[in-house]
file target.cif (mmCIF, C-alpha atoms)
data_entry
loop_
_atom_site.group_PDB
_atom_site.id
_atom_site.type_symbol
_atom_site.label_atom_id
_atom_site.label_comp_id
_atom_site.auth_asym_id
_atom_site.auth_seq_id
_atom_site.Cartn_x
_atom_site.Cartn_y
_atom_site.Cartn_z
ATOM 1 C CA MET F 1 -5.115 8.658 3.921
ATOM 2 C CA LYS F 2 -7.328 11.009 1.932
ATOM 3 C CA GLY F 3 -10.627 9.330 1.090
ATOM 4 C CA LEU F 4 -10.169 6.380 3.445
ATOM 5 C CA PRO F 5 -12.651 5.956 6.340
ATOM 6 C CA MET F 6 -11.930 7.904 9.521
ATOM 7 C CA LYS F 7 -12.360 4.673 11.509
ATOM 8 C CA SER F 8 -11.637 1.141 10.282
ATOM 9 C CA MET F 9 -11.352 -2.320 11.749
ATOM 10 C CA HIS F 10 -8.168 -4.302 11.182
ATOM 11 C CA ALA F 11 -7.692 -8.056 11.493
ATOM 12 C CA THR F 12 -6.419 -9.627 14.711
ATOM 13 C CA ASP F 13 -2.825 -8.468 15.015
ATOM 14 C CA GLU F 14 -0.153 -7.577 17.525
ATOM 15 C CA LEU F 15 -0.499 -3.973 18.666
ATOM 16 C CA TYR F 16 2.802 -2.312 19.394
ATOM 17 C CA GLY F 17 2.775 0.203 22.234
ATOM 18 C CA LYS F 18 5.305 2.342 24.079
ATOM 19 C CA LEU F 19 7.341 3.032 20.934
ATOM 20 C CA ARG F 20 10.702 4.595 21.685
ATOM 21 C CA GLY F 21 12.490 7.386 19.919
ATOM 22 C CA PRO F 22 12.543 11.181 19.713
ATOM 23 C CA ALA F 23 9.297 11.348 17.681
ATOM 24 C CA GLU F 24 10.708 14.336 15.832
ATOM 25 C CA ASN F 25 9.484 15.420 12.396
ATOM 26 C CA MET F 26 6.686 12.917 12.848
ATOM 27 C CA ASN F 27 3.148 13.074 11.466
ATOM 28 C CA VAL F 28 0.748 10.520 12.962
ATOM 29 C CA LEU F 29 -1.730 9.197 10.386
ATOM 30 C CA ALA F 30 -3.581 6.525 12.370
ATOM 31 C CA THR F 31 -3.775 5.198 15.910
ATOM 32 C CA ALA F 32 -5.207 2.081 17.560
ATOM 33 C CA PHE F 33 -6.586 1.847 21.069
ATOM 34 C CA SER F 34 -4.446 -0.373 23.281
ATOM 35 C CA ASN F 35 -7.019 -1.925 25.593
ATOM 36 C CA PRO F 36 -5.807 -2.343 29.199
ATOM 37 C CA LYS F 37 -8.172 -5.325 29.552
ATOM 38 C CA THR F 38 -5.820 -7.275 27.292
ATOM 39 C CA GLY F 39 -2.608 -5.920 28.767
ATOM 40 C CA GLY F 40 -2.554 -2.722 26.753
ATOM 41 C CA THR F 41 -1.486 0.752 27.773
ATOM 42 C CA GLY F 42 -4.950 2.324 27.751
ATOM 43 C CA ASN F 43 -3.718 4.831 25.176
ATOM 44 C CA HIS F 44 -4.220 5.365 21.472
ATOM 45 C CA GLU F 45 -0.918 4.109 20.095
ATOM 46 C CA PRO F 46 0.453 5.411 16.768
ATOM 47 C CA ILE F 47 0.391 2.670 14.138
ATOM 48 C CA LEU F 48 0.805 4.600 10.886
ATOM 49 C CA PHE F 49 2.977 7.684 10.658
ATOM 50 C CA THR F 50 5.444 9.496 8.458
ATOM 51 C CA VAL F 51 8.849 10.878 9.372
ATOM 52 C CA ASN F 52 10.843 13.466 7.484
ATOM 53 C CA TYR F 53 14.510 12.493 7.363
ATOM 54 C CA GLY F 54 16.576 15.050 5.481
ATOM 55 C CA LYS F 55 15.238 14.986 1.941
ATOM 56 C CA GLY F 56 13.875 11.498 2.456
ATOM 57 C CA ARG F 57 10.336 10.372 3.180
ATOM 58 C CA ILE F 58 9.579 7.562 5.621
ATOM 59 C CA PHE F 59 6.244 5.787 5.889
ATOM 60 C CA HIS F 60 6.121 3.711 9.084
ATOM 61 C CA ASN F 61 3.599 0.908 9.627
ATOM 62 C CA VAL F 62 3.766 -1.118 12.852
ATOM 63 C CA LEU F 63 1.051 -3.588 11.798
ATOM 64 C CA GLY F 64 1.507 -7.030 10.285
ATOM 65 C CA HIS F 65 3.070 -9.115 13.089
ATOM 66 C CA VAL F 66 2.509 -12.841 12.712
ATOM 67 C CA GLY F 67 4.262 -15.980 13.895
ATOM 68 C CA GLN F 68 5.373 -18.963 11.822
ATOM 69 C CA ASP F 69 2.233 -20.925 12.693
ATOM 70 C CA GLU F 70 -0.247 -18.161 11.853
ATOM 71 C CA ASP F 71 -2.278 -17.781 8.660
ATOM 72 C CA MET F 72 -0.995 -14.330 7.680
ATOM 73 C CA THR F 73 -4.477 -12.823 8.117
ATOM 74 C CA PRO F 74 -3.147 -9.367 9.114
ATOM 75 C CA TYR F 75 -1.555 -9.111 5.672
ATOM 76 C CA LYS F 76 -4.933 -9.839 4.060
ATOM 77 C CA SER F 77 -6.680 -7.036 5.935
ATOM 78 C CA ALA F 78 -7.974 -4.307 3.630
ATOM 79 C CA PHE F 79 -6.880 -1.669 6.124
ATOM 80 C CA PHE F 80 -3.298 -2.978 6.050
ATOM 81 C CA ILE F 81 -3.200 -3.478 2.270
ATOM 82 C CA TYR F 82 -4.637 -0.101 1.273
ATOM 83 C CA ALA F 83 -2.506 1.827 3.772
ATOM 84 C CA MET F 84 0.652 -0.036 2.746
ATOM 85 C CA GLN F 85 0.072 0.470 -0.971
ATOM 86 C CA ARG F 86 -0.647 4.172 -0.629
ATOM 87 C CA GLY F 87 2.117 4.759 1.914
ATOM 88 C CA THR F 88 4.664 3.044 -0.311
ATOM 89 C CA GLU F 89 3.733 5.183 -3.304
ATOM 90 C CA TRP F 90 3.932 8.330 -1.191
ATOM 91 C CA ALA F 91 7.382 7.378 0.149
ATOM 92 C CA ALA F 92 8.621 6.725 -3.378
ATOM 93 C CA THR F 93 7.119 9.724 -5.174
ATOM 94 C CA GLY F 94 5.767 12.206 -2.631
ATOM 95 C CA LYS F 95 2.182 11.807 -3.824
ATOM 96 C CA VAL F 96 -0.562 9.220 -4.116
ATOM 97 C CA THR F 97 -2.234 8.581 -7.481
ATOM 98 C CA GLN F 98 -4.110 5.388 -6.562
ATOM 99 C CA ALA F 99 -7.884 5.545 -6.771
ATOM 100 C CA ILE F 100 -9.855 4.932 -3.600
ATOM 101 C CA PRO F 101 -10.899 1.247 -3.634
ATOM 102 C CA GLU F 102 -14.591 0.513 -3.964
ATOM 103 C CA ASP F 103 -14.593 -2.067 -1.177
ATOM 104 C CA LEU F 104 -13.578 -0.252 2.017
ATOM 105 C CA PRO F 105 -13.290 -1.539 5.579
ATOM 106 C CA ASN F 106 -15.660 -0.127 8.187
ATOM 107 C CA GLN F 107 -15.530 0.370 11.944
ATOM 108 C CA SER F 108 -17.676 -2.643 12.846
ATOM 109 C CA SER F 109 -15.883 -5.531 11.146
ATOM 110 C CA ALA F 110 -12.565 -6.224 9.462
ATOM 111 C CA LEU F 111 -12.490 -6.636 5.693
ATOM 112 C CA ILE F 112 -10.284 -9.569 4.693
ATOM 113 C CA LEU F 113 -9.097 -9.819 1.099
ATOM 114 C CA PRO F 114 -7.624 -13.304 0.508
ATOM 115 C CA ALA F 115 -7.272 -12.693 -3.211
ATOM 116 C CA TYR F 116 -8.431 -9.157 -3.834
ATOM 117 C CA LYS F 117 -9.496 -7.966 -7.246
ATOM 118 C CA ASP F 118 -11.785 -5.173 -8.374
ATOM 119 C CA PHE F 119 -15.451 -6.015 -8.772
ATOM 120 C CA THR F 120 -16.547 -6.495 -12.355
ATOM 121 C CA LEU F 121 -19.813 -4.892 -13.393
ATOM 122 C CA GLU F 122 -21.299 -8.390 -13.546
ATOM 123 C CA ASP F 123 -20.146 -9.065 -9.947
ATOM 124 C CA LEU F 124 -21.899 -5.954 -8.670
ATOM 125 C CA PHE F 125 -25.206 -6.726 -10.344
ATOM 126 C CA ARG F 126 -25.116 -10.384 -9.331
ATOM 127 C CA ASN F 127 -24.658 -9.427 -5.673
ATOM 128 C CA ALA F 128 -27.197 -6.602 -5.925
ATOM 129 C CA ARG F 129 -29.936 -9.120 -6.753
ATOM 130 C CA LYS F 130 -30.114 -10.093 -3.061
ATOM 131 C CA TYR F 131 -30.881 -6.585 -1.794
ATOM 132 C CA GLU F 132 -33.750 -6.153 0.666
ATOM 133 C CA ILE F 133 -34.930 -2.905 2.257
ATOM 134 C CA GLY F 134 -33.320 -2.441 5.652
ATOM 135 C CA LYS F 135 -30.189 -4.315 4.678
ATOM 136 C CA SER F 136 -26.914 -3.041 3.226
ATOM 137 C CA LYS F 137 -27.047 -1.141 -0.075
ATOM 138 C CA LYS F 138 -23.350 -1.782 -0.591
ATOM 139 C CA TYR F 139 -23.542 -3.255 -4.094
ATOM 140 C CA LEU F 140 -26.272 -0.906 -5.258
ATOM 141 C CA ASN F 141 -24.224 2.057 -4.053
ATOM 142 C CA LEU F 142 -21.175 0.704 -5.879
ATOM 143 C CA ILE F 143 -23.243 0.473 -9.064
ATOM 144 C CA LEU F 144 -24.286 4.107 -8.663
ATOM 145 C CA GLN F 145 -20.649 5.053 -8.096
ATOM 146 C CA ARG F 146 -19.677 3.287 -11.333
ATOM 147 C CA ILE F 147 -22.362 5.238 -13.169
ATOM 148 C CA ARG F 148 -21.018 8.521 -11.773
ATOM 149 C CA ASN F 149 -17.431 7.570 -12.598
ATOM 150 C CA HIS F 150 -18.350 6.738 -16.211
ATOM 151 C CA SER F 151 -21.057 9.358 -16.741
ATOM 152 C CA THR F 152 -19.515 10.487 -20.039
ATOM 153 C CA ASP F 153 -18.655 7.006 -21.349
ATOM 154 C CA LYS F 154 -21.552 6.016 -23.611
ATOM 155 C CA ASP F 155 -20.275 2.488 -24.217
ATOM 156 C CA TYR F 156 -19.891 1.797 -20.503
ATOM 157 C CA LEU F 157 -23.345 3.148 -19.707
ATOM 158 C CA GLU F 158 -24.774 0.836 -22.368
ATOM 159 C CA LYS F 159 -23.169 -2.076 -20.521
ATOM 160 C CA VAL F 160 -24.720 -0.823 -17.295
ATOM 161 C CA GLU F 161 -28.132 -0.723 -18.945
ATOM 162 C CA ASP F 162 -27.661 -4.271 -20.258
ATOM 163 C CA GLU F 163 -26.875 -5.463 -16.714
ATOM 164 C CA MET F 164 -29.910 -3.601 -15.398
ATOM 165 C CA ILE F 165 -32.129 -5.377 -17.923
ATOM 166 C CA LYS F 166 -30.654 -8.752 -16.921
ATOM 167 C CA LEU F 167 -31.325 -8.013 -13.252
ATOM 168 C CA LEU F 168 -34.905 -6.895 -13.911
ATOM 169 C CA SER F 169 -35.515 -10.066 -15.941
ATOM 170 C CA ALA F 170 -34.001 -12.430 -13.364
ATOM 171 C CA ASP F 171 -36.224 -14.803 -11.384
ATOM 172 C CA ASP F 172 -33.739 -14.906 -8.486
ATOM 173 C CA CYS F 173 -33.811 -11.140 -7.906
ATOM 174 C CA THR F 174 -35.670 -9.552 -4.986
ATOM 175 C CA THR F 175 -38.514 -7.128 -5.561
ATOM 176 C CA ASP F 176 -36.634 -4.488 -3.573
ATOM 177 C CA ALA F 177 -33.626 -4.753 -5.886
ATOM 178 C CA LYS F 178 -35.851 -4.514 -8.958
ATOM 179 C CA ASN F 179 -37.641 -1.432 -7.637
ATOM 180 C CA PHE F 180 -34.303 0.222 -6.888
ATOM 181 C CA ILE F 181 -32.931 -0.489 -10.373
ATOM 182 C CA CYS F 182 -36.197 0.552 -12.038
ATOM 183 C CA LYS F 183 -35.753 3.969 -10.515
ATOM 184 C CA GLU F 184 -32.266 4.282 -12.028
ATOM 185 C CA ILE F 185 -33.095 2.824 -15.426
ATOM 186 C CA SER F 186 -35.964 5.326 -15.688
ATOM 187 C CA TRP F 187 -33.441 8.083 -16.441
ATOM 188 C CA LEU F 188 -30.476 6.079 -17.745
ATOM 189 C CA GLY F 189 -32.297 3.597 -19.978
ATOM 190 C CA SER F 190 -32.843 3.667 -23.716
ATOM 191 C CA PRO F 191 -35.760 2.282 -25.778
ATOM 192 C CA LYS F 192 -34.361 -1.249 -25.374
ATOM 193 C CA SER F 193 -35.422 -1.129 -21.697
ATOM 194 C CA ILE F 194 -39.087 -0.598 -22.531
ATOM 195 C CA SER F 195 -40.033 -4.262 -22.931
ATOM 196 C CA VAL F 196 -38.723 -5.324 -19.528
ATOM 197 C CA LEU F 197 -40.396 -2.339 -17.849
ATOM 198 C CA LYS F 198 -43.699 -3.195 -19.500
ATOM 199 C CA ALA F 199 -43.402 -6.735 -18.190
ATOM 200 C CA LEU F 200 -42.752 -5.449 -14.662
ATOM 201 C CA SER F 201 -45.689 -3.063 -14.860
ATOM 202 C CA LYS F 202 -48.027 -6.070 -15.069
ATOM 203 C CA LYS F 203 -46.878 -7.377 -11.690
ATOM 204 C CA ALA F 204 -48.410 -5.921 -8.534
ATOM 205 C CA GLU F 205 -45.115 -5.554 -6.658
ATOM 206 C CA THR F 206 -43.497 -3.517 -9.450
ATOM 207 C CA ALA F 207 -46.601 -1.926 -10.970
ATOM 208 C CA ARG F 208 -45.553 1.557 -9.905
ATOM 209 C CA TRP F 209 -43.236 1.666 -12.932
ATOM 210 C CA ARG F 210 -46.009 1.105 -15.511
ATOM 211 C CA SER F 211 -45.932 4.760 -16.584
ATOM 212 C CA LEU F 212 -42.226 4.834 -17.444
ATOM 213 C CA PRO F 213 -42.393 3.637 -21.074
#
call {"tool": "encode", "arguments": {"input": "target.cif", "output": "structure tokens"}}
result
Amino acid sequence: MKGLPMKSMHATDELYGKLRGPAENMNVLATAFSNPKTGGTGNHEPILFTVNYGKGRIFHNVLGHVGQDEDMTPYKSAFFIYAMQRGTEWAATGKVTQAIPEDLPNQSSALILPAYKDFTLEDLFRNARKYEIGKSKKYLNLILQRIRNHSTDKDYLEKVEDEMIKLLSADDCTTDAKNFICKEISWLGSPKSISVLKALSKKAETARWRSLP
């Protein structure tokens, strides 16, 4: 669970309550509130937990209950997928080596991954073009995380700079996104960024960057 959000939304699912058993050698990892308004117990029910059984390791997950006519959405929930992947590795090896995913569920809405794959650098910059102040910085923050993760990789940082230049040159990019990226390219960029910054310095909305070159 290390690195995952303290609170996350899961897809619509069947919540098991009133689990039976001795609950010995048990470590509860996550609970879900069983709302009495929908027939629940009014308690926080354990949904993810581990059990020590001799020298064995058990990872128990009570989520993922669907009928034959359902669309399997609970299995596409990021919360379910990430917990299941990490719990399985822990049960098999006693440790977790998987990196924390970039796209994490939050406590306000479920994150559904119908065909999950890591964002490419191009994906992040394409989505970042829509950024407006006051709205989510999700993709911009993921770009900054990539930069931190590859801070010693010169070739990767060159690719980042190339994507920054493309974004700053794009007609379909918001001014807010351009101003955000200008701030980052001011310390990361090389001489090849100068021409695009000079072009931006001639526009009123991005003129603050005219001194960078």
call {"tool": "atom_distance", "arguments": {"input": "target.cif", "atom1": "CA of Lys117 (chain F)", "atom2": "CA of Glu132 (chain F)"}}
result
25.6 Å
call {"tool": "resolve_selection", "arguments": {"input": "target.cif", "expression": "the PyMOL selection byres ((chain F and resi 178) around 12)", "output": "PyMOL selection string"}}
result
chain F and resi 125+128-133+140+163-177+179-186+196-197+200-201+203+205-209
call {"tool": "atom_distance", "arguments": {"input": "target.cif", "atom1": "CA of Leu29 (chain F)", "atom2": "CA of Leu63 (chain F)"}}
result
13.2 Å
call {"tool": "resolve_selection", "arguments": {"input": "target.cif", "expression": "the PyMOL selection byres ((chain F and resi 71-85) around 8)", "output": "PyMOL selection string"}}
result
chain F and resi 1+8-13+61+63-66+69-70+86-89+104-105+110-114
call {"tool": "closest_residue", "arguments": {"input": "target.cif", "among": "F:Ile194, F:Ala32, F:Leu157, F:Leu188", "to": "Gly17 (chain F)", "atoms": "all atoms listed in the file"}}
result
F:Ala32
call {"tool": "closest_residue", "arguments": {"input": "target.cif", "among": "F:Val62, F:Leu142, F:Ala30, F:Ile100", "to": "Tyr16 (chain F)", "atoms": "all atoms listed in the file"}}
result
F:Val62
call {"tool": "resolve_selection", "arguments": {"input": "target.cif", "expression": "the PyMOL selection byres ((chain F and resi 94) around 12)", "output": "list of chain:residue names"}}
result
F:Thr50, F:Asn52, F:Lys55, F:Gly56, F:Arg57, F:Ile58, F:Phe59, F:Arg86, F:Gly87, F:Thr88, F:Glu89, F:Trp90, F:Ala91, F:Ala92, F:Thr93, F:Lys95, F:Val96, F:Thr97
call {"tool": "write_last_selection", "arguments": {"input": "target.cif", "atoms": "C-alpha atoms", "output": "compact mmCIF listing (two decimals), in the frame of the given file"}}
result
# COMPACT_ATOMS: atom_id res chain seq x y z
CA THR F 50 5.44 9.50 8.46
CA ASN F 52 10.84 13.47 7.48
CA LYS F 55 15.24 14.99 1.94
CA GLY F 56 13.88 11.50 2.46
CA ARG F 57 10.34 10.37 3.18
CA ILE F 58 9.58 7.56 5.62
CA PHE F 59 6.24 5.79 5.89
CA ARG F 86 -0.65 4.17 -0.63
CA GLY F 87 2.12 4.76 1.91
CA THR F 88 4.66 3.04 -0.31
CA GLU F 89 3.73 5.18 -3.30
CA TRP F 90 3.93 8.33 -1.19
CA ALA F 91 7.38 7.38 0.15
CA ALA F 92 8.62 6.72 -3.38
CA THR F 93 7.12 9.72 -5.17
CA LYS F 95 2.18 11.81 -3.82
CA VAL F 96 -0.56 9.22 -4.12
CA THR F 97 -2.23 8.58 -7.48
call {"tool": "atom_distance", "arguments": {"input": "target.cif", "atom1": "CA of Gln145 (chain F)", "atom2": "CA of Glu102 (chain F)"}}
result
8.6 Å
call {"tool": "closest_residue", "arguments": {"input": "target.cif", "among": "F:Ser193, F:Leu124, F:Ala99, F:Tyr53", "to": "Lys137 (chain F)", "atoms": "all atoms listed in the file"}}
result
F:Leu124
call {"tool": "closest_residue", "arguments": {"input": "target.cif", "among": "F:Thr120, F:Leu15, F:Gly21, F:Val28", "to": "Gly42 (chain F)", "atoms": "all atoms listed in the file"}}
result
F:Leu15
call {"tool": "axis_aligned_box", "arguments": {"input": "target.cif", "around": "region 129-148 of chain F", "padding_each_side": "4 Å", "output": "AutoDock Vina command-line options"}}
result
--center_x -27.3 --center_y -0.8 --center_z -3.8 --size_x 23.3 --size_y 26.6 --size_z 26.8
call {"tool": "residues_around", "arguments": {"input": "target.cif", "residues": "His44 (chain F)", "least_positions_apart": "5", "cutoff": "8 Å", "atoms": "only C-alpha atoms", "output": "VMD selection string"}}
result
chain F and resid 31 to 34
call {"tool": "closest_residue", "arguments": {"input": "target.cif", "among": "F:Tyr156, F:Ser108, F:Lys37, F:Glu24", "to": "Phe49 (chain F)", "atoms": "all atoms listed in the file"}}
result
F:Glu24
call {"tool": "closest_residue", "arguments": {"input": "target.cif", "among": "F:Leu121, F:Ser109, F:Glu14, F:Arg148", "to": "Thr38 (chain F)", "atoms": "only C-alpha atoms"}}
result
F:Glu14
call {"tool": "decode", "arguments": {"input": "target.cif", "residues": "region 17-115 of chain F", "atoms": "C-alpha atoms", "output": "PDB file, in the first residue's frame"}}
result
ATOM      1  CA  GLY F  17     -19.705  -7.157   5.438  1.00  0.00           C
ATOM      2  CA  LYS F  18     -19.882  -9.257   8.591  1.00  0.00           C
ATOM      3  CA  LEU F  19     -16.963 -11.470   7.542  1.00  0.00           C
ATOM      4  CA  ARG F  20     -16.620 -14.553   9.706  1.00  0.00           C
ATOM      5  CA  GLY F  21     -13.527 -16.162  11.102  1.00  0.00           C
ATOM      6  CA  PRO F  22     -11.065 -15.803  13.977  1.00  0.00           C
ATOM      7  CA  ALA F  23      -9.343 -12.750  12.426  1.00  0.00           C
ATOM      8  CA  GLU F  24      -6.065 -13.970  13.875  1.00  0.00           C
ATOM      9  CA  ASN F  25      -2.672 -12.938  12.495  1.00  0.00           C
ATOM     10  CA  MET F  26      -4.543 -10.413  10.393  1.00  0.00           C
ATOM     11  CA  ASN F  27      -3.343  -7.015   9.182  1.00  0.00           C
ATOM     12  CA  VAL F  28      -6.077  -4.798   7.722  1.00  0.00           C
ATOM     13  CA  LEU F  29      -4.824  -2.721   4.781  1.00  0.00           C
ATOM     14  CA  ALA F  30      -8.018  -1.017   3.600  1.00  0.00           C
ATOM     15  CA  THR F  31     -11.639  -0.665   4.647  1.00  0.00           C
ATOM     16  CA  ALA F  32     -14.837   0.544   2.975  1.00  0.00           C
ATOM     17  CA  PHE F  33     -17.770   2.191   4.695  1.00  0.00           C
ATOM     18  CA  SER F  34     -20.877   0.016   4.577  1.00  0.00           C
ATOM     19  CA  ASN F  35     -23.653   2.590   4.371  1.00  0.00           C
ATOM     20  CA  PRO F  36     -26.778   1.659   6.375  1.00  0.00           C
ATOM     21  CA  LYS F  37     -28.861   3.694   3.898  1.00  0.00           C
ATOM     22  CA  THR F  38     -28.246   0.947   1.345  1.00  0.00           C
ATOM     23  CA  GLY F  39     -28.604  -1.949   3.757  1.00  0.00           C
ATOM     24  CA  GLY F  40     -25.066  -1.817   5.077  1.00  0.00           C
ATOM     25  CA  THR F  41     -23.776  -2.391   8.578  1.00  0.00           C
ATOM     26  CA  GLY F  42     -22.801   1.212   9.308  1.00  0.00           C
ATOM     27  CA  ASN F  43     -19.236   0.050   9.916  1.00  0.00           C
ATOM     28  CA  HIS F  44     -15.964   0.283   8.046  1.00  0.00           C
ATOM     29  CA  GLU F  45     -15.632  -3.248   6.705  1.00  0.00           C
ATOM     30  CA  PRO F  46     -12.198  -4.749   5.935  1.00  0.00           C
ATOM     31  CA  ILE F  47     -11.764  -5.230   2.191  1.00  0.00           C
ATOM     32  CA  LEU F  48      -8.008  -5.707   1.823  1.00  0.00           C
ATOM     33  CA  PHE F  49      -5.963  -7.526   4.427  1.00  0.00           C
ATOM     34  CA  THR F  50      -3.118  -9.957   4.890  1.00  0.00           C
ATOM     35  CA  VAL F  51      -3.013 -13.089   7.014  1.00  0.00           C
ATOM     36  CA  ASN F  52       0.053 -14.936   8.208  1.00  0.00           C
ATOM     37  CA  TYR F  53      -0.444 -18.686   7.894  1.00  0.00           C
ATOM     38  CA  GLY F  54       2.599 -20.606   9.077  1.00  0.00           C
ATOM     39  CA  LYS F  55       5.379 -19.600   6.715  1.00  0.00           C
ATOM     40  CA  GLY F  56       2.859 -18.601   4.080  1.00  0.00           C
ATOM     41  CA  ARG F  57       1.607 -15.162   3.120  1.00  0.00           C
ATOM     42  CA  ILE F  58      -2.037 -14.517   2.259  1.00  0.00           C
ATOM     43  CA  PHE F  59      -3.320 -11.394   0.544  1.00  0.00           C
ATOM     44  CA  HIS F  60      -7.119 -11.226   0.805  1.00  0.00           C
ATOM     45  CA  ASN F  61      -9.245  -9.000  -1.440  1.00  0.00           C
ATOM     46  CA  VAL F  62     -13.038  -9.112  -1.080  1.00  0.00           C
ATOM     47  CA  LEU F  63     -13.691  -6.797  -4.047  1.00  0.00           C
ATOM     48  CA  GLY F  64     -14.571  -7.770  -7.599  1.00  0.00           C
ATOM     49  CA  HIS F  65     -18.068  -9.307  -7.338  1.00  0.00           C
ATOM     50  CA  VAL F  66     -20.022  -9.206 -10.580  1.00  0.00           C
ATOM     51  CA  GLY F  67     -22.867 -11.193 -12.093  1.00  0.00           C
ATOM     52  CA  GLN F  68     -23.024 -12.813 -15.526  1.00  0.00           C
ATOM     53  CA  ASP F  69     -24.901  -9.850 -16.999  1.00  0.00           C
ATOM     54  CA  GLU F  70     -22.555  -7.157 -15.680  1.00  0.00           C
ATOM     55  CA  ASP F  71     -19.781  -5.384 -17.584  1.00  0.00           C
ATOM     56  CA  MET F  72     -16.914  -6.349 -15.269  1.00  0.00           C
ATOM     57  CA  THR F  73     -16.345  -2.694 -14.318  1.00  0.00           C
ATOM     58  CA  PRO F  74     -15.048  -3.531 -10.808  1.00  0.00           C
ATOM     59  CA  TYR F  75     -12.156  -5.381 -12.440  1.00  0.00           C
ATOM     60  CA  LYS F  76     -11.309  -2.262 -14.464  1.00  0.00           C
ATOM     61  CA  SER F  77     -11.102  -0.050 -11.383  1.00  0.00           C
ATOM     62  CA  ALA F  78      -7.614   1.337 -10.798  1.00  0.00           C
ATOM     63  CA  PHE F  79      -8.002   0.772  -7.070  1.00  0.00           C
ATOM     64  CA  PHE F  80      -8.741  -2.928  -7.632  1.00  0.00           C
ATOM     65  CA  ILE F  81      -6.035  -3.414 -10.276  1.00  0.00           C
ATOM     66  CA  TYR F  82      -3.195  -1.697  -8.419  1.00  0.00           C
ATOM     67  CA  ALA F  83      -4.020  -3.368  -5.098  1.00  0.00           C
ATOM     68  CA  MET F  84      -4.336  -6.795  -6.728  1.00  0.00           C
ATOM     69  CA  GLN F  85      -1.070  -6.490  -8.638  1.00  0.00           C
ATOM     70  CA  ARG F  86       0.899  -5.329  -5.620  1.00  0.00           C
ATOM     71  CA  GLY F  87      -0.773  -7.774  -3.238  1.00  0.00           C
ATOM     72  CA  THR F  88      -0.044 -10.685  -5.557  1.00  0.00           C
ATOM     73  CA  GLU F  89       3.635  -9.784  -5.798  1.00  0.00           C
ATOM     74  CA  TRP F  90       3.858  -9.440  -2.025  1.00  0.00           C
ATOM     75  CA  ALA F  91       2.211 -12.844  -1.478  1.00  0.00           C
ATOM     76  CA  ALA F  92       4.621 -14.454  -3.927  1.00  0.00           C
ATOM     77  CA  THR F  93       7.868 -12.785  -2.856  1.00  0.00           C
ATOM     78  CA  GLY F  94       7.348 -10.943   0.430  1.00  0.00           C
ATOM     79  CA  LYS F  95       8.061  -7.545  -1.114  1.00  0.00           C
ATOM     80  CA  VAL F  96       6.731  -5.147  -3.720  1.00  0.00           C
ATOM     81  CA  THR F  97       9.025  -3.861  -6.478  1.00  0.00           C
ATOM     82  CA  GLN F  98       6.363  -2.285  -8.712  1.00  0.00           C
ATOM     83  CA  ALA F  99       6.629   1.449  -9.254  1.00  0.00           C
ATOM     84  CA  ILE F 100       3.737   3.610  -8.120  1.00  0.00           C
ATOM     85  CA  PRO F 101       1.534   4.223 -11.193  1.00  0.00           C
ATOM     86  CA  GLU F 102       1.358   7.764 -12.498  1.00  0.00           C
ATOM     87  CA  ASP F 103      -2.422   7.719 -12.861  1.00  0.00           C
ATOM     88  CA  LEU F 104      -3.867   7.200  -9.373  1.00  0.00           C
ATOM     89  CA  PRO F 105      -7.481   7.082  -8.212  1.00  0.00           C
ATOM     90  CA  ASN F 106      -8.699   9.816  -5.876  1.00  0.00           C
ATOM     91  CA  GLN F 107     -11.388  10.074  -3.216  1.00  0.00           C
ATOM     92  CA  SER F 108     -13.928  11.937  -5.357  1.00  0.00           C
ATOM     93  CA  SER F 109     -14.325   9.685  -8.393  1.00  0.00           C
ATOM     94  CA  ALA F 110     -13.409   6.176  -9.473  1.00  0.00           C
ATOM     95  CA  LEU F 111     -10.659   5.724 -12.045  1.00  0.00           C
ATOM     96  CA  ILE F 112     -11.641   3.121 -14.638  1.00  0.00           C
ATOM     97  CA  LEU F 113      -8.934   1.602 -16.818  1.00  0.00           C
ATOM     98  CA  PRO F 114     -10.576  -0.303 -19.706  1.00  0.00           C
ATOM     99  CA  ALA F 115      -7.246  -0.908 -21.402  1.00  0.00           C
TER     100      ALA F 115
END
